[in-house]
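Shown below: coords.pdb, with PDB, C-alpha atoms.
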```
MODEL        1
ATOM      1  CA  MET T  18      22.602   9.138  -3.902
ATOM      2  CA  ASN T  19      24.974   6.986  -1.918
ATOM      3  CA  SER T  20      23.634   3.451  -2.049
ATOM      4  CA  SER T  21      25.606   2.499   1.083
ATOM      5  CA  LYS T  22      23.737   4.908   3.328
ATOM      6  CA  GLU T  23      20.691   3.776   5.206
ATOM      7  CA  GLU T  24      17.695   5.793   4.066
ATOM      8  CA  TYR T  25      14.077   5.939   5.069
ATOM      9  CA  VAL T  26      10.831   7.349   3.809
ATOM     10  CA  GLU T  27       8.153   9.133   5.833
ATOM     11  CA  PHE T  28       4.477   9.046   5.072
ATOM     12  CA  ARG T  29       2.873  12.307   6.225
ATOM     13  CA  TYR T  30      -0.854  12.295   6.632
ATOM     14  CA  TYR T  31      -2.890  15.502   6.363
ATOM     15  CA  GLU T  32      -6.581  15.911   7.100
ATOM     16  CA  ILE T  33      -8.507  18.420   4.986
ATOM     17  CA  PRO T  34     -11.345  20.174   6.870
ATOM     18  CA  MET T  35     -14.827  18.844   6.234
ATOM     19  CA  GLY T  36     -16.572  20.606   3.365
ATOM     20  CA  ARG T  37     -13.283  21.804   1.884
ATOM     21  CA  TYR T  38     -10.993  20.553  -0.869
ATOM     22  CA  ASP T  39      -7.796  22.295   0.196
ATOM     23  CA  LEU T  40      -5.503  22.723   3.166
ATOM     24  CA  ALA T  41      -2.961  25.569   3.154
ATOM     25  CA  LEU T  42       0.291  25.503   5.145
ATOM     26  CA  LEU T  43       1.257  29.134   5.571
ATOM     27  CA  GLY T  44       3.543  31.477   7.434
ATOM     28  CA  GLN T  45       6.774  31.345   9.392
ATOM     29  CA  ASP T  46       6.708  27.585   9.959
ATOM     30  CA  TRP T  47       7.829  27.209   6.335
ATOM     31  CA  VAL T  48      10.566  29.852   6.416
ATOM     32  CA  VAL T  49      13.334  27.427   7.289
ATOM     33  CA  GLU T  50      16.468  25.693   6.100
ATOM     34  CA  TYR T  51      15.436  22.951   3.692
ATOM     35  CA  GLY T  52      17.422  19.767   3.407
ATOM     36  CA  THR T  53      17.138  18.121   6.814
ATOM     37  CA  ASP T  54      13.937  16.228   6.005
ATOM     38  CA  PRO T  55      14.120  12.677   4.662
ATOM     39  CA  PHE T  56      12.244  11.449   1.631
ATOM     40  CA  HIS T  57       8.518  11.571   2.340
ATOM     41  CA  PHE T  58       5.145  11.426   0.645
ATOM     42  CA  HIS T  59       1.581  12.473   1.382
ATOM     43  CA  ASN T  60      -1.981  11.257   1.081
ATOM     44  CA  PHE T  61      -3.044  14.261  -1.028
ATOM     45  CA  LEU T  62      -1.745  16.173  -4.025
ATOM     46  CA  GLU T  63       0.919  18.606  -2.783
ATOM     47  CA  ILE T  64       1.514  21.960  -4.461
ATOM     48  CA  GLY T  65       4.409  24.090  -3.268
ATOM     49  CA  TYR T  66       5.345  27.686  -4.102
ATOM     50  CA  CYS T  67       8.893  28.942  -3.515
ATOM     51  CA  TYR T  68       8.942  32.627  -2.520
ATOM     52  CA  TYR T  69      12.726  32.733  -2.260
ATOM     53  CA  GLY T  70      15.502  30.183  -2.311
ATOM     54  CA  ASP T  71      17.465  27.841  -4.570
ATOM     55  CA  GLY T  72      18.097  24.131  -4.435
ATOM     56  CA  ALA T  73      16.845  20.835  -5.817
ATOM     57  CA  MET T  74      13.711  18.745  -5.542
ATOM     58  CA  CYS T  75      14.593  15.065  -5.386
ATOM     59  CA  PHE T  76      12.293  12.407  -6.859
ATOM     60  CA  GLY T  77      13.812   8.974  -6.446
ATOM     61  CA  ASP T  78      17.213   9.185  -8.137
ATOM     62  CA  GLU T  79      16.240  12.270 -10.154
ATOM     63  CA  GLU T  80      16.951  15.856  -9.072
ATOM     64  CA  LYS T  81      15.437  19.000 -10.571
ATOM     65  CA  GLU T  82      16.609  22.492  -9.702
ATOM     66  CA  TYR T  83      14.237  25.050  -8.195
ATOM     67  CA  HIS T  84      14.544  28.802  -7.718
ATOM     68  CA  SER T  85      12.414  31.685  -6.471
ATOM     69  CA  GLY T  86       9.051  31.446  -8.192
ATOM     70  CA  SER T  87       9.235  27.690  -8.724
ATOM     71  CA  ILE T  88       6.048  25.647  -8.359
ATOM     72  CA  SER T  89       6.074  21.968  -7.420
ATOM     73  CA  ILE T  90       3.108  19.707  -8.142
ATOM     74  CA  ILE T  91       3.521  16.293  -6.565
ATOM     75  CA  PRO T  92       0.895  13.520  -6.684
ATOM     76  CA  GLY T  93      -0.010  11.760  -3.468
ATOM     77  CA  LYS T  94       2.173   8.773  -2.615
ATOM     78  CA  PHE T  95       5.172  10.093  -4.581
ATOM     79  CA  PRO T  96       8.355  10.137  -2.423
ATOM     80  CA  HIS T  97      10.288  13.401  -2.628
ATOM     81  CA  ARG T  98      12.410  15.796  -0.642
ATOM     82  CA  THR T  99      13.687  19.378  -0.896
ATOM     83  CA  GLN T 100      17.427  20.003  -0.689
ATOM     84  CA  GLY T 101      18.669  23.565  -0.238
ATOM     85  CA  PRO T 102      22.123  24.941   0.607
ATOM     86  CA  GLU T 103      23.244  24.250   4.166
ATOM     87  CA  GLY T 104      22.564  27.132   6.543
ATOM     88  CA  VAL T 105      20.439  29.116   4.065
ATOM     89  CA  ILE T 106      16.886  30.075   5.058
ATOM     90  CA  GLN T 107      14.248  29.744   2.350
ATOM     91  CA  LYS T 108      10.503  30.266   2.134
ATOM     92  CA  TRP T 109       7.935  27.892   0.704
ATOM     93  CA  GLU T 110       4.201  27.627   1.270
ATOM     94  CA  TYR T 111       2.086  24.604   0.458
ATOM     95  CA  LEU T 112      -1.358  23.515  -0.629
ATOM     96  CA  PHE T 113      -2.738  20.035  -0.165
ATOM     97  CA  VAL T 114      -5.625  19.401  -2.528
ATOM     98  CA  ASP T 115      -8.264  16.688  -2.570
ATOM     99  CA  ILE T 116      -8.120  16.592  -6.336
ATOM    100  CA  GLU T 117     -10.622  13.733  -6.608
ATOM    101  CA  GLY T 118     -13.101  15.752  -4.550
ATOM    102  CA  VAL T 119     -12.544  18.828  -6.721
ATOM    103  CA  LEU T 120     -13.117  16.861  -9.912
ATOM    104  CA  LYS T 121     -16.272  15.237  -8.548
ATOM    105  CA  LYS T 122     -17.640  18.656  -7.537
ATOM    106  CA  PHE T 123     -17.070  20.331 -10.882
ATOM    107  CA  TYR T 124     -17.519  17.308 -13.188
ATOM    108  CA  PRO T 125     -19.914  14.961 -11.358
ATOM    109  CA  ALA T 126     -21.200  13.294 -14.535
ATOM    110  CA  ASN T 127     -17.879  12.967 -16.343
ATOM    111  CA  GLN T 128     -16.261   9.944 -14.726
ATOM    112  CA  VAL T 129     -14.105   9.253 -17.781
ATOM    113  CA  PHE T 130     -12.534  12.711 -17.573
ATOM    114  CA  ARG T 131     -11.926  12.354 -13.836
ATOM    115  CA  GLU T 132     -10.210   8.999 -14.204
ATOM    116  CA  ARG T 133      -8.121  10.177 -17.143
ATOM    117  CA  PHE T 134      -7.023  13.299 -15.280
ATOM    118  CA  ILE T 135      -5.849  11.306 -12.256
ATOM    119  CA  LYS T 136      -4.116   8.552 -14.229
ATOM    120  CA  LYS T 137      -2.659  10.552 -17.105
ATOM    121  CA  VAL T 138      -2.124  14.087 -15.803
ATOM    122  CA  LEU T 139      -1.293  13.448 -12.145
ATOM    123  CA  CYS T 140       0.925  10.425 -12.638
ATOM    124  CA  LEU T 141       4.206  12.348 -12.351
ATOM    125  CA  PRO T 142       5.613  15.248 -10.332
ATOM    126  CA  TYR T 143       6.150  18.597 -12.037
ATOM    127  CA  LEU T 144       8.565  21.372 -11.167
ATOM    128  CA  VAL T 145       7.973  24.498 -13.250
ATOM    129  CA  SER T 146       8.631  28.229 -13.042
ATOM    130  CA  GLU T 147       6.208  31.094 -12.484
ATOM    131  CA  LYS T 148       7.692  32.834 -15.516
ATOM    132  CA  ALA T 149       6.853  29.896 -17.798
ATOM    133  CA  TYR T 150       3.397  29.275 -16.301
ATOM    134  CA  PRO T 151       2.072  32.609 -14.939
ATOM    135  CA  ARG T 152      -1.604  31.543 -14.851
ATOM    136  CA  LEU T 153      -0.756  28.455 -12.826
ATOM    137  CA  ALA T 154       1.251  30.605 -10.402
ATOM    138  CA  MET T 155      -1.632  33.093 -10.177
ATOM    139  CA  ALA T 156      -4.085  30.354  -9.181
ATOM    140  CA  VAL T 157      -1.719  28.860  -6.599
ATOM    141  CA  ARG T 158      -0.877  32.196  -4.986
ATOM    142  CA  ALA T 159      -4.515  33.283  -5.033
ATOM    143  CA  ILE T 160      -5.560  30.154  -3.097
ATOM    144  CA  LEU T 161      -2.741  30.675  -0.601
ATOM    145  CA  ASP T 162      -3.684  34.345  -0.112
ATOM    146  CA  GLU T 163      -7.417  33.600   0.210
ATOM    147  CA  ASN T 164      -6.621  31.131   2.973
ATOM    148  CA  ARG T 165      -4.303  33.626   4.616
ATOM    149  CA  GLU T 166      -6.689  36.608   4.558
ATOM    150  CA  GLN T 167     -10.001  34.739   4.942
ATOM    151  CA  LYS T 168     -12.128  37.608   3.717
ATOM    152  CA  PRO T 169     -15.910  37.131   3.324
ATOM    153  CA  HIS T 170     -16.719  34.342   0.830
ATOM    154  CA  PHE T 171     -13.098  33.175   0.726
ATOM    155  CA  LYS T 172     -14.170  29.522   0.565
ATOM    156  CA  GLU T 173     -16.237  30.180  -2.541
ATOM    157  CA  ALA T 174     -13.341  32.129  -4.065
ATOM    158  CA  VAL T 175     -10.960  29.255  -3.321
ATOM    159  CA  ASN T 176     -13.284  26.813  -5.086
ATOM    160  CA  GLY T 177     -13.236  29.041  -8.152
ATOM    161  CA  TYR T 178      -9.453  29.183  -8.187
ATOM    162  CA  LEU T 179      -9.312  25.407  -7.721
ATOM    163  CA  MET T 180     -11.208  24.999 -10.978
ATOM    164  CA  VAL T 181      -8.658  27.231 -12.715
ATOM    165  CA  LEU T 182      -5.910  25.192 -11.093
ATOM    166  CA  VAL T 183      -7.336  21.936 -12.484
ATOM    167  CA  TRP T 184      -7.128  23.178 -16.064
ATOM    168  CA  GLU T 185      -3.706  24.767 -15.641
ATOM    169  CA  ILE T 186      -2.394  21.429 -14.345
ATOM    170  CA  ALA T 187      -4.139  19.671 -17.240
ATOM    171  CA  ARG T 188      -2.193  21.929 -19.611
ATOM    172  CA  LEU T 189       1.028  20.777 -17.986
ATOM    173  CA  GLY T 190       0.037  17.183 -18.563
ATOM    174  CA  GLY T 191      -0.709  17.897 -22.201
ATOM    175  CA  GLN T 192       2.767  19.232 -22.961
ATOM    176  CA  GLU T 193       6.174  17.623 -23.123
ATOM    177  CA  LEU T 194       8.315  18.868 -20.275
ATOM    178  CA  PRO T 195      11.963  17.978 -20.881
ATOM    179  CA  GLU T 196      12.816  17.912 -17.177
ATOM    180  CA  ASN T 197      10.350  15.037 -16.697
ATOM    181  CA  ASP T 198      11.343  12.878 -19.686
ATOM    182  CA  LEU T 199      13.948  10.689 -17.951
ATOM    183  CA  TYR T 200      11.905  10.233 -14.799
ATOM    184  CA  GLU T 201       8.768   9.447 -16.785
ATOM    185  CA  SER T 202      10.591   6.775 -18.767
ATOM    186  CA  GLN T 203      11.587   5.122 -15.483
ATOM    187  CA  VAL T 204       8.156   5.390 -13.876
ATOM    188  CA  ASP T 205       6.525   4.017 -17.019
ATOM    189  CA  LYS T 206       8.283   0.729 -16.328
ATOM    190  CA  ILE T 207       6.457   0.290 -12.994
ATOM    191  CA  ARG T 208       3.270   2.251 -13.671
ATOM    192  CA  ALA T 209       1.137  -0.879 -14.043
ATOM    193  CA  ALA T 210       2.340  -2.067 -10.621
ATOM    194  CA  LEU T 211       1.626   1.297  -8.963
ATOM    195  CA  GLU T 212      -1.898   1.343 -10.363
ATOM    196  CA  TYR T 213      -2.458  -2.264  -9.303
ATOM    197  CA  ILE T 214      -1.286  -1.598  -5.725
ATOM    198  CA  GLU T 215      -3.540   1.458  -5.539
ATOM    199  CA  THR T 216      -6.674  -0.578  -6.247
ATOM    200  CA  HIS T 217      -5.733  -4.055  -4.959
ATOM    201  CA  PHE T 218      -3.888  -3.303  -1.696
ATOM    202  CA  ALA T 219      -6.514  -5.285   0.235
ATOM    203  CA  GLU T 220      -5.603  -8.455  -1.664
ATOM    204  CA  GLU T 221      -2.557 -10.685  -1.449
ATOM    205  CA  ILE T 222       0.192  -9.059  -3.502
ATOM    206  CA  LYS T 223       3.296 -10.916  -4.629
ATOM    207  CA  ILE T 224       6.312  -9.160  -6.071
ATOM    208  CA  ARG T 225       6.648 -11.640  -8.905
ATOM    209  CA  ASN T 226       3.085 -10.861  -9.996
ATOM    210  CA  LEU T 227       3.819  -7.125  -9.981
ATOM    211  CA  ALA T 228       6.909  -7.786 -12.065
ATOM    212  CA  GLU T 229       4.832  -9.806 -14.519
ATOM    213  CA  LEU T 230       2.384  -6.906 -14.851
ATOM    214  CA  CYS T 231       5.324  -4.721 -15.852
ATOM    215  CA  HIS T 232       6.800  -7.388 -18.181
ATOM    216  CA  VAL T 233      10.179  -7.391 -16.443
ATOM    217  CA  SER T 234      12.103  -9.820 -14.256
ATOM    218  CA  GLU T 235      11.511  -9.770 -10.512
ATOM    219  CA  SER T 236      15.073  -8.659  -9.737
ATOM    220  CA  TYR T 237      14.912  -5.809 -12.265
ATOM    221  CA  PHE T 238      11.480  -4.803 -10.980
ATOM    222  CA  ARG T 239      12.795  -4.504  -7.403
ATOM    223  CA  LYS T 240      15.715  -2.405  -8.619
ATOM    224  CA  ILE T 241      13.701   0.011 -10.746
ATOM    225  CA  PHE T 242      10.961   0.324  -8.107
ATOM    226  CA  VAL T 243      13.450   1.464  -5.452
ATOM    227  CA  ARG T 244      15.086   3.808  -7.958
ATOM    228  CA  CYS T 245      11.763   5.518  -8.750
ATOM    229  CA  MET T 246       9.964   5.394  -5.396
ATOM    230  CA  ASN T 247      12.927   5.309  -3.003
ATOM    231  CA  VAL T 248      11.222   2.508  -1.101
ATOM    232  CA  PRO T 249      11.071  -1.258  -1.791
ATOM    233  CA  PRO T 250       7.813  -2.627  -3.245
ATOM    234  CA  LEU T 251       6.667  -4.591  -0.178
ATOM    235  CA  GLU T 252       7.371  -1.620   2.088
ATOM    236  CA  TYR T 253       5.345   0.545  -0.299
ATOM    237  CA  VAL T 254       2.437  -1.916  -0.241
ATOM    238  CA  ASN T 255       2.431  -1.895   3.562
ATOM    239  CA  LEU T 256       2.604   1.913   3.661
ATOM    240  CA  ILE T 257      -0.443   2.108   1.413
ATOM    241  CA  ARG T 258      -2.267  -0.442   3.565
ATOM    242  CA  ILE T 259      -1.483   1.440   6.775
ATOM    243  CA  GLN T 260      -2.530   4.735   5.185
ATOM    244  CA  ASN T 261      -5.885   3.238   4.300
ATOM    245  CA  ALA T 262      -6.202   1.740   7.779
ATOM    246  CA  CYS T 263      -5.677   5.184   9.311
ATOM    247  CA  GLU T 264      -8.292   6.692   7.023
ATOM    248  CA  LEU T 265     -10.759   3.944   7.987
ATOM    249  CA  MET T 266     -10.089   4.563  11.683
ATOM    250  CA  LEU T 267     -10.805   8.264  11.273
ATOM    251  CA  LYS T 268     -14.094   7.539   9.513
ATOM    252  CA  GLY T 269     -15.470   4.556  11.426
ATOM    253  CA  SER T 270     -15.282   2.260  14.416
ATOM    254  CA  ASP T 271     -14.212  -1.066  12.915
ATOM    255  CA  SER T 272     -12.446  -3.512  15.195
ATOM    256  CA  MET T 273      -8.730  -4.075  14.725
ATOM    257  CA  GLU T 274      -9.461  -7.503  13.249
ATOM    258  CA  THR T 275     -11.832  -5.993  10.679
ATOM    259  CA  LEU T 276      -9.362  -3.228   9.816
ATOM    260  CA  ALA T 277      -6.579  -5.750   9.298
ATOM    261  CA  TRP T 278      -8.753  -7.736   6.915
ATOM    262  CA  LYS T 279     -10.039  -4.670   5.039
ATOM    263  CA  VAL T 280      -6.567  -3.374   4.198
ATOM    264  CA  GLY T 281      -5.058  -6.701   3.197
ATOM    265  CA  PHE T 282      -3.078  -8.088   6.130
ATOM    266  CA  SER T 283      -3.199 -11.852   6.497
ATOM    267  CA  SER T 284      -3.450 -11.728  10.281
ATOM    268  CA  LEU T 285      -4.116  -9.323  13.130
ATOM    269  CA  SER T 286      -0.560  -9.802  14.401
ATOM    270  CA  ALA T 287       0.875  -8.790  11.003
ATOM    271  CA  PHE T 288      -1.325  -5.685  10.983
ATOM    272  CA  MET T 289      -0.359  -4.711  14.545
ATOM    273  CA  ARG T 290       3.336  -5.306  13.872
ATOM    274  CA  ASN T 291       3.393  -3.272  10.660
ATOM    275  CA  PHE T 292       1.271  -0.468  12.086
ATOM    276  CA  LYS T 293       3.597   0.008  15.047
ATOM    277  CA  LYS T 294       6.665  -0.215  12.816
ATOM    278  CA  ILE T 295       5.382   2.418  10.388
ATOM    279  CA  VAL T 296       3.420   4.737  12.665
ATOM    280  CA  GLY T 297       5.451   4.297  15.832
ATOM    281  CA  GLU T 298       2.647   3.216  18.163
ATOM    282  CA  PRO T 299      -0.147   0.600  18.324
ATOM    283  CA  PRO T 300      -3.270   1.377  16.273
ATOM    284  CA  LYS T 301      -5.526   1.610  19.340
ATOM    285  CA  HIS T 302      -3.309   4.306  20.843
ATOM    286  CA  TRP T 303      -3.227   6.186  17.548
ATOM    287  CA  ARG T 304      -7.009   6.035  17.231
ATOM    288  CA  THR T 305      -7.470   7.274  20.815
ATOM    289  CA  ARG T 306      -5.231  10.286  20.579
ATOM    290  CA  HIS T 307      -5.830  11.361  16.980
ATOM    291  CA  GLY T 308      -8.721  13.777  17.198
ATOM    292  CA  ARG T 309      -7.291  17.191  16.382
ATOM    293  CA  LYS T 310      -8.025  18.702  12.985
ATOM    294  CA  ASN T 311      -5.529  20.075  10.479
ATOM    295  CA  GLU T 312      -2.610  18.216  12.047
ATOM    296  CA  TYR T 313      -0.356  15.861  10.209
ATOM    297  CA  VAL T 314       0.858  12.569  11.554
ATOM    298  CA  ASN T 315       4.202  11.093  10.519
ATOM    299  CA  TYR T 316       4.549   7.446   9.572
ATOM    300  CA  HIS T 317       8.157   6.231   9.593
ATOM    301  CA  THR T 318       9.779   3.204   8.048
ATOM    302  CA  ASN T 319      13.459   2.392   7.697
ATOM    303  CA  VAL T 320      14.515   1.208   4.272
ATOM    304  CA  ARG T 321      17.899  -0.001   3.088
ATOM    305  CA  LYS T 322      18.660   1.222  -0.399
ATOM    306  CA  GLY T 323      18.699  -1.610  -2.908
ATOM    307  CA  TRP T 324      16.781  -4.080  -0.722
TER
ENDMDL
END
```
What do you get writing this file as structure tokens?
Amino acid sequence: MNSSKEEYVEFRYYEIPMGRYDLALLGQDWVVEYGTDPFHFHNFLEIGYCYYGDGAMCFGDEEKEYHSGSISIIPGKFPHRTQGPEGVIQKWEYLFVDIEGVLKKFYPANQVFRERFIKKVLCLPYLVSEKAYPRLAMAVRAILDENREQKPHFKEAVNGYLMVLVWEIARLGGQELPENDLYESQVDKIRAALEYIETHFAEEIKIRNLAELCHVSESYFRKIFVRCMNVPPLEYVNLIRIQNACELMLKGSDSMETLAWKVGFSSLSAFMRNFKKIVGEPPKHWRTRHGRKNEYVNYHTNVRKGW
């Protein structure tokens, strides 16, 4: 990518219906020209199925080709974008999966397995073909079709296919996929920092401490972080904090001061400033208007490459 261009990353928030573990995005809304969207990431695991089209999925500085029948599996909080030929219409459909909820439902007593699955299997994006992984494709398409047709007991059927999906994804994680080797070697260098941010976002986080966790210099850490995540480390920390603030607002009635403290901002003014910068409006306005189900909200931030 051209390092002189100004780039930005969107955080797109989806809300899965209560009592469910999946949200399907179906139909004509996803029969479009791909390539106009910026880098973005989501709060849930995203699984995409390409019905027809060719192009590339971009993960940081890495690009992987896709074709008809390709399946993308992208962990939450992983920046990515789809780039197809200009002027060419393609069709994808998508699943967003609360993978932690699925694992807790099917393996409530096996916390070790759940943690290992999230940290070891869903630590990287995958882009594979239906031909190479037919059972994975079957599970994905079955969940999409069950959501589309909504026949009697479709929710129960979806839950069954989700269990199949878990083990098919686990098989991916247990094999060496050449197309992921280079990207994995890069992400490995910042993995300790990503895991630390995920669990310590509410605390004070300094870049030099993240670099120390990864056993690299601060300048190299900044460089490799942007290369992998397409967003600078402090911007990423603030995105994660704002995501968690939005989730807290949807679930409770904490004051703005309490929310700011819970997600790690040192002051209310810093919270308000960052929320408006990322979301585009003050948190009170967002809380007031955000009541509709199954609707995503975009969070924008402008990032200069190489910051």
**OP:** Using the chain letters and residue numbers of this document, give as a list in words the residues selected by the PyMOL selection byres ((chain T and resi 221) around 12).
**Re:** Tyr213, Ile214, Thr216, His217, Phe218, Ala219, Glu220, Ile222, Lys223, Ile224, Arg225, Asn226, Leu227, Leu251, Val254, Asn255, Arg258, Trp278, Lys279, Val280, Gly281, Phe282, Ser283 and Ser284 of chain T
Original post:
Which one is closest to Glu229 in chain T: T:Ala209, T:Lys122, T:Ala73, T:Glu63? Count all atoms listed in the file.
Top reply: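 The closest residue to Glu229 in chain T is T:Ala209.
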Subject >> range 141-145 of chain T environment, 6 Å, all atoms listed in the file, sequence neighbours closer than 6 positions dropped, as a PyMOL selection string >> reply: chain T and resi 87-91
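This file gives the following result for the PyMOL selection byres ((chain T and resi 38) around 8): Ile33, Pro34, Gly36, Arg37, Asp39, Leu40, Val114, Asp115, Ile116, Gly118, Val119 and Asn176 of chain T.
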Original post:
Residues picked by the PyMOL selection byres ((chain T and resi 236) around 12) here, as a PyMOL selection string?
Top reply: chain T and resi 224-225+227-229+232-235+237-243+249-250+323-324
**OP:** Quote the spacing between CA of Asn247 in chain T and CA of Ile186 in chain T in Å to one decimal place.
**Re:**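 We find that CA of Asn247 in chain T and CA of Ile186 in chain T lie 25.0 Å from each other.
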Original post:
Taking into account all atoms listed in the file, which residue in the set T:Ile64, T:Leu285, T:Leu230, T:Ala41 is nearest to Leu182 in chain T?
Top reply: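 Closest to Leu182 in chain T, using all atoms listed in the file: T:Ile64.
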Original post:
Rounded to one decimal in Å, what is the spacing between CA of Thr275 in chain T and CA of Glu117 in chain T?
Top reply: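 Taking CA of Thr275 in chain T and CA of Glu117 in chain T, their separation equals 26.3 Å.
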Original post:
Can you tell me how far CA of Ala174 in chain T sits from CA of Arg158 in chain T, in Å to one decimal?
Top reply: 12.5 Å
Please tabulate, as a tab-separated table, the residues of range 193-285 of chain T that come within 12 Å of range 298-307 of chain T, each with its closest pair of atoms and the distance in Å to one decimal, counting all atoms listed in the file and ordering rows by chain, then residue number upward.
```
residue	atom	partner	partner_atom	distance
T:Ile259	CA	T:Pro300	CA	9.7
T:Gln260	CA	T:Pro300	CA	11.6
T:Ala262	CA	T:Pro300	CA	9.0
T:Cys263	CA	T:Arg304	CA	8.1
T:Glu264	CA	T:Arg304	CA	10.3
T:Leu265	CA	T:Arg304	CA	10.2
T:Met266	CA	T:Arg304	CA	6.5
T:Leu267	CA	T:Arg304	CA	7.4
T:Lys268	CA	T:Arg304	CA	10.6
T:Gly269	CA	T:Arg304	CA	10.4
T:Ser270	CA	T:Arg304	CA	9.5
T:Asp271	CA	T:Arg304	CA	11.0
T:Ser272	CA	T:Lys301	CA	9.6
T:Met273	CA	T:Pro300	CA	7.9
T:Glu274	CA	T:Pro300	CA	11.2
T:Leu276	CA	T:Pro300	CA	10.0
T:Ala277	CA	T:Pro300	CA	10.5
T:Leu285	CA	T:Pro300	CA	11.2
```
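With distances restricted to only C-alpha atoms, T:Cys140 is the closest residue to Glu212 in chain T from T:Asp71, T:Ala154, T:Cys140, T:Ala149.
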Original post:
Looking at all atoms listed in the file, which of T:Asn291, T:Ala187, T:Tyr31, T:Lys136 is the one that sits closest to Arg208 in chain T?
Top reply: T:Lys136
**OP:** Considering only C-alpha atoms, state which residue in the set T:Gly297, T:Gly101, T:Gly177, T:Pro125 is at the smallest distance from Glu163 in chain T.
**Re:**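 Using only C-alpha atoms, the shortest distance to Glu163 in chain T belongs to T:Gly177.
With only C-alpha atoms as the atoms that count, the minimum distance from Gln100 in chain T to the choices T:Tyr150, T:Phe134, T:Tyr83, T:Tyr68 is reached by T:Tyr83.
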Subject >> All residues 12 Å or closer to Leu43 in chain T, only C-alpha atoms, same chain fewer than 6 positions away omitted, as a ChimeraX atom specification >> reply: /T:65-68,108-113,158,160-166
Residue subset to file, keeping C-alpha atoms, as a compact mmCIF listing (two decimals), in the coordinates of the input:
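And here's selection.txt as it stands now:
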```
# COMPACT_ATOMS: atom_id res chain seq x y z
CA GLY T 65 4.41 24.09 -3.27
CA TYR T 66 5.34 27.69 -4.10
CA CYS T 67 8.89 28.94 -3.52
CA TYR T 68 8.94 32.63 -2.52
CA LYS T 108 10.50 30.27 2.13
CA TRP T 109 7.94 27.89 0.70
CA GLU T 110 4.20 27.63 1.27
CA TYR T 111 2.09 24.60 0.46
CA LEU T 112 -1.36 23.52 -0.63
CA PHE T 113 -2.74 20.04 -0.16
CA ARG T 158 -0.88 32.20 -4.99
CA ILE T 160 -5.56 30.15 -3.10
CA LEU T 161 -2.74 30.68 -0.60
CA ASP T 162 -3.68 34.34 -0.11
CA GLU T 163 -7.42 33.60 0.21
CA ASN T 164 -6.62 31.13 2.97
CA ARG T 165 -4.30 33.63 4.62
CA GLU T 166 -6.69 36.61 4.56
```
Would you mind completing range 68-77 of chain T so that it carries N, CA, C and O atoms, and writing it out as a compact mmCIF listing (two decimals), in the frame of the given file?
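To be explicit, this is the file written out as rebuild.txt:
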```txt
# COMPACT_ATOMS: atom_id res chain seq x y z
N TYR T 68 8.88 31.16 -2.51
CA TYR T 68 8.94 32.63 -2.52
C TYR T 68 10.39 33.10 -2.72
O TYR T 68 10.64 34.04 -3.45
N TYR T 69 11.32 32.45 -2.01
CA TYR T 69 12.73 32.73 -2.26
C TYR T 69 13.56 31.53 -1.82
O TYR T 69 13.25 30.84 -0.86
N GLY T 70 14.62 31.30 -2.60
CA GLY T 70 15.50 30.18 -2.31
C GLY T 70 15.93 29.47 -3.59
O GLY T 70 15.34 29.67 -4.66
N ASP T 71 16.95 28.65 -3.46
CA ASP T 71 17.46 27.84 -4.57
C ASP T 71 17.85 26.48 -4.02
O ASP T 71 18.26 26.35 -2.86
N GLY T 72 17.73 25.47 -4.86
CA GLY T 72 18.10 24.13 -4.43
C GLY T 72 17.61 23.11 -5.43
O GLY T 72 17.50 23.39 -6.63
N ALA T 73 17.29 21.92 -4.94
CA ALA T 73 16.84 20.84 -5.82
C ALA T 73 15.72 20.07 -5.15
O ALA T 73 15.74 19.84 -3.94
N MET T 74 14.74 19.69 -5.96
CA MET T 74 13.71 18.74 -5.54
C MET T 74 14.18 17.37 -5.99
O MET T 74 14.60 17.20 -7.14
N CYS T 75 14.12 16.42 -5.09
CA CYS T 75 14.59 15.06 -5.39
C CYS T 75 13.40 14.12 -5.50
O CYS T 75 12.56 14.06 -4.60
N PHE T 76 13.32 13.41 -6.62
CA PHE T 76 12.29 12.41 -6.86
C PHE T 76 13.00 11.10 -7.17
O PHE T 76 13.51 10.93 -8.28
N GLY T 77 13.04 10.18 -6.22
CA GLY T 77 13.81 8.97 -6.45
C GLY T 77 15.27 9.34 -6.70
O GLY T 77 15.89 10.06 -5.92
```
